[in-house]
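The structure under discussion appears below in the form of structure tokens.
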Amino acid sequence: MSSERGTTTLEGTDFDLDETVMGPTGRPYREFPEPAPLDSHGPARVIAMVNQKGGVGKTTSTINLAAALAEYGRRVLLVDFDPQGALSAGLGANPHELDLTVYNVLMDRKVDIRDAIQQTGVDGVDLLPANIDLSAAEVQLVNEVAREQVLDRALKKVEDDYDVVLIDCQPSLGLLTVNALTAAHGVIIPLICEFFALRAVALLVETIEKVQDRLNPRLQVDGVLATMFDARTLHSREVIARLVEAFGDKVFETVIKRSIKFADATVAAEPITSYAGNHTGADAYRSLARELILRGGAP
């Protein structure tokens, strides 16, 4: 599809060559092919969505990437690993009415993870919810043996039930986030297109490297996802250029543009793929899902 588009451009149609061929990351624009259906499910590839800066689109990206992967036939488990419970609320769960959460799974060996997992309104997407109880886990885990591997042990029990596990981490680099990185095969770093957000990434990369060295040698950065991009501003374009300069091909070619529709979908407790399926934001997350699969970040 991309080659056809490139050919028509090169043959001199009315399209502007630069606008048509170059994507927002300054690399040649291309459409990612629709992935082949899976013959079976599992074992899951675990991906941590991490950034210690808040407000960068982690939860929005987790929900919408999961919904897009499910559209392509992937079974996805979402793990809410933030005591604020935004991921759970974003999928319609009431944090005050949860009997079992990820906190119980971490802290009580008698609790089966399957009992805490809930179905969501999105076909193919399940949720391991969280609420404010999770904030106590960081303190209580300090005295546990192998405290960095508690989440990893819990997820191993359901790894054959899913194709992808997405962990929505809290905006911190504390023990919970280290647990997520220890359990993960890959990391996606959502990053708002602002310079202050860019400065915080160095500390995050340092933490990832420490986990790779000491706890989880299989861990790799699957990609950096530019969010809340506004092509009209020089600032956004400069941040993208700096990102590509620093991370090269690790920056996803798919870019998530700023849109009020994401907030509207959150209020409706739906992913944008079902709330406004024809919106450019929904198309962007489908493109991200296809790109992730093509890169080997998801089956």
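Chain labels follow the order of the structure tokens: the first chain is A, the next B, and so on; residue numbering restarts at 1 in every chain, and ligands are counted from 1 in their shown order.
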Excluding stretch 149-165 of chain A and its own-chain neighbours fewer than 4 positions away, which residues fall within 8 Å of it when counting only C-alpha atoms? Please give them as a VMD selection string. chain A and resid 41 to 47 74 to 79 105 to 106 113 to 114 179 to 180 182 to 184 298 to 299
Per-residue DSSP, stretch 58-236 of chain A, filtered to strand (DSSP E), as a ChimeraX atom specification: /A:76-81,118-119,125-128,164-169,186-192,220-227
Take the residues from that selection and write them out as a compact mmCIF listing (two decimals), in the first residue's frame, keeping N, CA and C atoms.
```txt
# COMPACT_ATOMS: atom_id res chain seq x y z
N VAL A 76 -5.79 -9.88 25.19
CA VAL A 76 -4.98 -8.93 25.95
C VAL A 76 -5.43 -8.87 27.40
N LEU A 77 -4.47 -8.89 28.31
CA LEU A 77 -4.73 -8.64 29.72
C LEU A 77 -4.13 -7.28 30.08
N LEU A 78 -4.95 -6.41 30.65
CA LEU A 78 -4.49 -5.12 31.14
C LEU A 78 -4.27 -5.21 32.64
N VAL A 79 -3.11 -4.79 33.10
CA VAL A 79 -2.81 -4.77 34.53
C VAL A 79 -2.73 -3.32 34.97
N ASP A 80 -3.65 -2.92 35.84
CA ASP A 80 -3.62 -1.57 36.40
C ASP A 80 -2.64 -1.58 37.57
N PHE A 81 -1.50 -0.93 37.38
CA PHE A 81 -0.45 -0.95 38.41
C PHE A 81 -0.22 0.43 38.97
N GLN A 118 -11.04 -9.37 35.68
CA GLN A 118 -12.41 -9.07 35.25
C GLN A 118 -12.49 -8.99 33.73
N GLN A 119 -13.65 -9.34 33.20
CA GLN A 119 -13.90 -9.07 31.79
C GLN A 119 -14.24 -7.59 31.64
N VAL A 125 -10.37 -8.30 25.69
CA VAL A 125 -9.56 -7.54 26.66
C VAL A 125 -10.07 -7.79 28.07
N ASP A 126 -9.19 -8.29 28.95
CA ASP A 126 -9.52 -8.49 30.37
C ASP A 126 -8.71 -7.50 31.21
N LEU A 127 -9.15 -7.34 32.46
CA LEU A 127 -8.54 -6.34 33.34
C LEU A 127 -8.21 -6.93 34.71
N LEU A 128 -6.99 -6.69 35.16
CA LEU A 128 -6.60 -6.92 36.55
C LEU A 128 -6.61 -5.54 37.21
N VAL A 164 -0.89 -10.85 24.80
CA VAL A 164 -0.18 -9.65 25.24
C VAL A 164 -0.69 -9.27 26.63
N VAL A 165 0.24 -8.91 27.52
CA VAL A 165 -0.11 -8.32 28.81
C VAL A 165 0.47 -6.91 28.82
N LEU A 166 -0.40 -5.91 29.03
CA LEU A 166 0.05 -4.52 29.11
C LEU A 166 -0.08 -4.04 30.55
N ILE A 167 1.02 -3.56 31.12
CA ILE A 167 1.03 -3.08 32.50
C ILE A 167 1.08 -1.56 32.50
N ASP A 168 0.03 -0.94 33.03
CA ASP A 168 -0.02 0.52 33.13
C ASP A 168 0.61 0.94 34.46
N CYS A 169 1.83 1.47 34.40
CA CYS A 169 2.59 1.78 35.62
C CYS A 169 2.25 3.16 36.16
N GLY A 186 9.21 -6.31 27.36
CA GLY A 186 9.48 -5.06 26.66
C GLY A 186 8.91 -3.86 27.39
N VAL A 187 9.38 -2.69 26.99
CA VAL A 187 8.91 -1.42 27.57
C VAL A 187 8.47 -0.50 26.43
N ILE A 188 7.31 0.10 26.60
CA ILE A 188 6.90 1.20 25.73
C ILE A 188 6.92 2.47 26.58
N ILE A 189 7.58 3.50 26.07
CA ILE A 189 7.69 4.76 26.79
C ILE A 189 6.81 5.80 26.09
N PRO A 190 5.60 6.06 26.61
CA PRO A 190 4.79 7.14 26.04
C PRO A 190 5.38 8.48 26.47
N LEU A 191 5.50 9.39 25.52
CA LEU A 191 6.19 10.65 25.82
C LEU A 191 5.45 11.81 25.15
N ILE A 192 4.95 12.72 25.96
CA ILE A 192 4.28 13.91 25.43
C ILE A 192 5.29 14.78 24.70
N GLN A 220 13.77 -5.30 27.06
CA GLN A 220 14.22 -4.42 25.99
C GLN A 220 13.22 -3.29 25.80
N VAL A 221 13.70 -2.19 25.25
CA VAL A 221 12.80 -1.07 24.93
C VAL A 221 12.16 -1.36 23.57
N ASP A 222 10.84 -1.58 23.60
CA ASP A 222 10.12 -1.85 22.34
C ASP A 222 9.96 -0.58 21.52
N GLY A 223 9.82 0.53 22.21
CA GLY A 223 9.69 1.76 21.45
C GLY A 223 9.31 2.95 22.31
N VAL A 224 9.54 4.14 21.75
CA VAL A 224 9.13 5.40 22.37
C VAL A 224 7.97 5.93 21.56
N LEU A 225 6.86 6.20 22.25
CA LEU A 225 5.63 6.62 21.58
C LEU A 225 5.39 8.10 21.82
N ALA A 226 5.43 8.89 20.76
CA ALA A 226 5.16 10.32 20.87
C ALA A 226 3.65 10.54 20.97
N THR A 227 3.22 11.23 22.03
CA THR A 227 1.79 11.47 22.25
C THR A 227 1.51 12.98 22.29
```
Computed interatomic separation between atom CA of A:Val56 and atom CA of A:Gly248 (Å):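 One can read the atom CA of A:Val56 to atom CA of A:Gly248 distance as 20.2 Å.
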One decimal, Å: what's the distance from atom CA of A:Ala241 over to atom CA of A:Ala66, could you say? 27.4 Å
Any idea what's packed within 9 Å of A:Gly54, counting only C-alpha atoms, ignoring anything in its chain fewer than 5 positions away? Could you give it as a ChimeraX atom specification? /A:170-172
So how far away is atom CA of A:Leu198 from atom CA of A:Ala284, in Å?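 So the two atoms, atom CA of A:Ala284 and atom CA of A:Leu198, lie 21.6 Å apart.
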Among stretch 13-185 of chain A, which residues does DSSP mark as helix (DSSP H, G or I) when it is run on the backbone? Keep the chain and numbering as in the structure and answer as number ranges by chain. A: 17-21, 58-71, 86-90, 95-97, 102-107, 113-116, 134-143, 147-156, 159-161, 175-183
As a list in words, please: the residues near stretch 59-65 of chain A (cut-off 7 Å, only C-alpha atoms, same-chain neighbours under 3 positions excluded). Ala68, Leu69, Ala86, Leu87, Leu166, Asp168, Pro271, Ile272, Thr273, Tyr285 and Ala289 of chain A
Could the residues in this selection be saved with all heavy atoms as a PDB file, in the first residue's frame?
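In the end it all went to selection-v4.pdb:
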```
ATOM      1  N   ALA A  68      -7.047  -1.970  20.142  1.00  0.00           N
ATOM      2  CA  ALA A  68      -6.632  -2.151  18.750  1.00  0.00           C
ATOM      3  C   ALA A  68      -6.043  -3.546  18.527  1.00  0.00           C
ATOM      4  O   ALA A  68      -6.325  -4.199  17.518  1.00  0.00           O
ATOM      5  CB  ALA A  68      -5.608  -1.073  18.375  1.00  0.00           C
ATOM      6  N   LEU A  69      -5.228  -4.022  19.476  1.00  0.00           N
ATOM      7  CA  LEU A  69      -4.681  -5.381  19.368  1.00  0.00           C
ATOM      8  C   LEU A  69      -5.805  -6.417  19.374  1.00  0.00           C
ATOM      9  O   LEU A  69      -5.757  -7.411  18.631  1.00  0.00           O
ATOM     10  CB  LEU A  69      -3.717  -5.652  20.526  1.00  0.00           C
ATOM     11  CG  LEU A  69      -2.350  -4.959  20.459  1.00  0.00           C
ATOM     12  CD1 LEU A  69      -1.636  -5.044  21.807  1.00  0.00           C
ATOM     13  CD2 LEU A  69      -1.477  -5.574  19.357  1.00  0.00           C
ATOM     14  N   ALA A  86      -6.668   4.726  37.429  1.00  0.00           N
ATOM     15  CA  ALA A  86      -7.219   5.391  36.245  1.00  0.00           C
ATOM     16  C   ALA A  86      -7.556   4.397  35.140  1.00  0.00           C
ATOM     17  O   ALA A  86      -8.563   4.548  34.444  1.00  0.00           O
ATOM     18  CB  ALA A  86      -6.230   6.435  35.726  1.00  0.00           C
ATOM     19  N   LEU A  87      -6.731   3.377  34.966  1.00  0.00           N
ATOM     20  CA  LEU A  87      -6.998   2.372  33.945  1.00  0.00           C
ATOM     21  C   LEU A  87      -8.300   1.629  34.242  1.00  0.00           C
ATOM     22  O   LEU A  87      -9.132   1.435  33.351  1.00  0.00           O
ATOM     23  CB  LEU A  87      -5.833   1.373  33.868  1.00  0.00           C
ATOM     24  CG  LEU A  87      -5.971   0.244  32.846  1.00  0.00           C
ATOM     25  CD1 LEU A  87      -5.853   0.775  31.434  1.00  0.00           C
ATOM     26  CD2 LEU A  87      -4.924  -0.832  33.082  1.00  0.00           C
ATOM     27  N   LEU A 166      -0.398  -5.913  29.030  1.00  0.00           N
ATOM     28  CA  LEU A 166       0.045  -4.523  29.106  1.00  0.00           C
ATOM     29  C   LEU A 166      -0.083  -4.042  30.549  1.00  0.00           C
ATOM     30  O   LEU A 166      -1.168  -4.111  31.136  1.00  0.00           O
ATOM     31  CB  LEU A 166      -0.807  -3.625  28.193  1.00  0.00           C
ATOM     32  CG  LEU A 166      -0.688  -3.841  26.684  1.00  0.00           C
ATOM     33  CD1 LEU A 166      -1.658  -2.926  25.946  1.00  0.00           C
ATOM     34  CD2 LEU A 166       0.729  -3.590  26.205  1.00  0.00           C
ATOM     35  N   ASP A 168       0.032  -0.943  33.033  1.00  0.00           N
ATOM     36  CA  ASP A 168      -0.019   0.516  33.129  1.00  0.00           C
ATOM     37  C   ASP A 168       0.610   0.937  34.455  1.00  0.00           C
ATOM     38  O   ASP A 168       0.017   0.762  35.515  1.00  0.00           O
ATOM     39  CB  ASP A 168      -1.478   0.986  33.050  1.00  0.00           C
ATOM     40  CG  ASP A 168      -1.595   2.498  33.056  1.00  0.00           C
ATOM     41  OD1 ASP A 168      -0.678   3.156  32.545  1.00  0.00           O
ATOM     42  OD2 ASP A 168      -2.606   3.020  33.583  1.00  0.00           O
ATOM     43  N   PRO A 271     -12.681   2.607  24.930  1.00  0.00           N
ATOM     44  CA  PRO A 271     -11.546   2.970  24.070  1.00  0.00           C
ATOM     45  C   PRO A 271     -12.046   3.770  22.880  1.00  0.00           C
ATOM     46  O   PRO A 271     -13.221   3.664  22.489  1.00  0.00           O
ATOM     47  CB  PRO A 271     -10.986   1.610  23.629  1.00  0.00           C
ATOM     48  CG  PRO A 271     -12.114   0.654  23.785  1.00  0.00           C
ATOM     49  CD  PRO A 271     -12.968   1.161  24.901  1.00  0.00           C
ATOM     50  N   ILE A 272     -11.176   4.567  22.315  1.00  0.00           N
ATOM     51  CA  ILE A 272     -11.596   5.401  21.192  1.00  0.00           C
ATOM     52  C   ILE A 272     -11.962   4.556  19.973  1.00  0.00           C
ATOM     53  O   ILE A 272     -12.749   4.971  19.131  1.00  0.00           O
ATOM     54  CB  ILE A 272     -10.504   6.449  20.842  1.00  0.00           C
ATOM     55  CG1 ILE A 272     -11.112   7.553  19.976  1.00  0.00           C
ATOM     56  CG2 ILE A 272      -9.293   5.780  20.184  1.00  0.00           C
ATOM     57  CD1 ILE A 272     -10.224   8.770  19.814  1.00  0.00           C
ATOM     58  N   THR A 273     -11.432   3.347  19.893  1.00  0.00           N
ATOM     59  CA  THR A 273     -11.727   2.471  18.751  1.00  0.00           C
ATOM     60  C   THR A 273     -13.199   2.088  18.680  1.00  0.00           C
ATOM     61  O   THR A 273     -13.710   1.787  17.608  1.00  0.00           O
ATOM     62  CB  THR A 273     -10.873   1.193  18.812  1.00  0.00           C
ATOM     63  OG1 THR A 273     -10.998   0.626  20.116  1.00  0.00           O
ATOM     64  CG2 THR A 273      -9.416   1.489  18.518  1.00  0.00           C
ATOM     65  N   TYR A 285      -4.078   4.385  16.803  1.00  0.00           N
ATOM     66  CA  TYR A 285      -3.795   3.251  17.694  1.00  0.00           C
ATOM     67  C   TYR A 285      -3.852   1.922  16.950  1.00  0.00           C
ATOM     68  O   TYR A 285      -3.132   0.983  17.309  1.00  0.00           O
ATOM     69  CB  TYR A 285      -4.732   3.271  18.903  1.00  0.00           C
ATOM     70  CG  TYR A 285      -4.224   4.222  19.962  1.00  0.00           C
ATOM     71  CD1 TYR A 285      -4.822   5.454  20.173  1.00  0.00           C
ATOM     72  CD2 TYR A 285      -3.095   3.902  20.717  1.00  0.00           C
ATOM     73  CE1 TYR A 285      -4.325   6.344  21.121  1.00  0.00           C
ATOM     74  CE2 TYR A 285      -2.576   4.787  21.663  1.00  0.00           C
ATOM     75  CZ  TYR A 285      -3.191   6.003  21.857  1.00  0.00           C
ATOM     76  OH  TYR A 285      -2.688   6.875  22.790  1.00  0.00           O
ATOM     77  N   ALA A 289      -0.737  -0.646  16.837  1.00  0.00           N
ATOM     78  CA  ALA A 289      -0.848  -2.094  17.066  1.00  0.00           C
ATOM     79  C   ALA A 289      -0.186  -2.862  15.928  1.00  0.00           C
ATOM     80  O   ALA A 289       0.566  -3.826  16.162  1.00  0.00           O
ATOM     81  CB  ALA A 289      -2.315  -2.493  17.203  1.00  0.00           C
TER      82      ALA A 289
END
```
Could you give me, as a PyMOL selection string, the residues within 10 Å of A:His96, counting only C-alpha atoms and dropping anything in the same chain fewer than 3 positions from it? chain A and resi 93+99+130-132
Here is a test: counting only C-alpha atoms, which residue of A:Cys193, A:Val205, A:Ala89, A:Ile293 is nearest to A:Arg237? A:Cys193
